[in-house]
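Student: Next up is a structure, given as C-alpha cells.
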Amino acid sequence: MDDHLVKDAHILMHPIRFKIVELLAHQPMHINAISKALEEEKKKLVSYHLNILEAYGFVSCKYEISEQPKSKGKALKKYWVTAKVNTVLSELKKLQLTESGE
C-alpha cells in the first residue's frame, strides 16, 4: 500500500474529522455550524481538526462576510470538502475490493 494513501487514510478516518467531512460533503459550513451539528461545545477542538484537514488538502476555506443577524458584517471562514476526499475514499475502496478478492 502506498505510504501517502496510508497517511491520508489515517488523517481522514479519525472519527471527528470524518464526521466533519461528511457534514461538509452536503454543504459548505462555518465553524459555528459545524460545532453545533457535531454537538461539540469546544470550538477549539473542531478548529484543530479543520486545520489538519486543510493542511492535508481535504478541505478548503475562504472568508465571507456574514449576513446572519447575530454576526452580520463579520468575516467568517466557510469550509468545504475538496476532490481529494473522494479520491482517497475511492482508492481505499479499490484496495478493499482487491484484498477481499472481488
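Chain labels follow the order of the C-alpha cells: the first chain is A, the next B, and so on; residue numbering restarts at 1 in every chain, and ligands are counted from 1 in their shown order.
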Mind the document's chain letters and residue numbers, and return as a VMD selection string the residues of chain A that DSSP labels alpha helix (DSSP H).
Tutor: chain A and resid 3 to 12 15 to 26 31 to 37 43 to 55 83 to 100
Student: Skipping near chain neighbours, those fewer than 5 positions away, what residues fall within 12 Å of Met13 of chain A using only C-alpha atoms, listed as a PyMOL selection string?
Tutor: chain A and resi 5-8+18-22+49+53+58+85+88-89+92
Student: As an exercise, work out the distance from atom CA of Val81 of chain A to atom CA of Ser60 of chain A in Å and give it to one decimal place.
Tutor: 6.3 Å
Student: Among chain A, which residues carry a DSSP assignment of strand (DSSP E), reported as a VMD selection string?
Tutor: chain A and resid 29 to 30 59 to 65 75 to 81
Student: For Val46 of chain A, which residue among A:Thr82, A:Met29, A:Asp3, A:Ile16 is the nearest when counting only C-alpha atoms?
Tutor: A:Ile16
Student: Identify which of the residues A:Leu38, A:Asn32, A:Lys43, A:His10 lies closest to Lys70 of chain A, counting only C-alpha atoms when measuring atom-to-atom distances.
Tutor: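 Going through A:Leu38, A:Asn32, A:Lys43, A:His10 one by one, the smallest distance to Lys70 of chain A is for A:Asn32.
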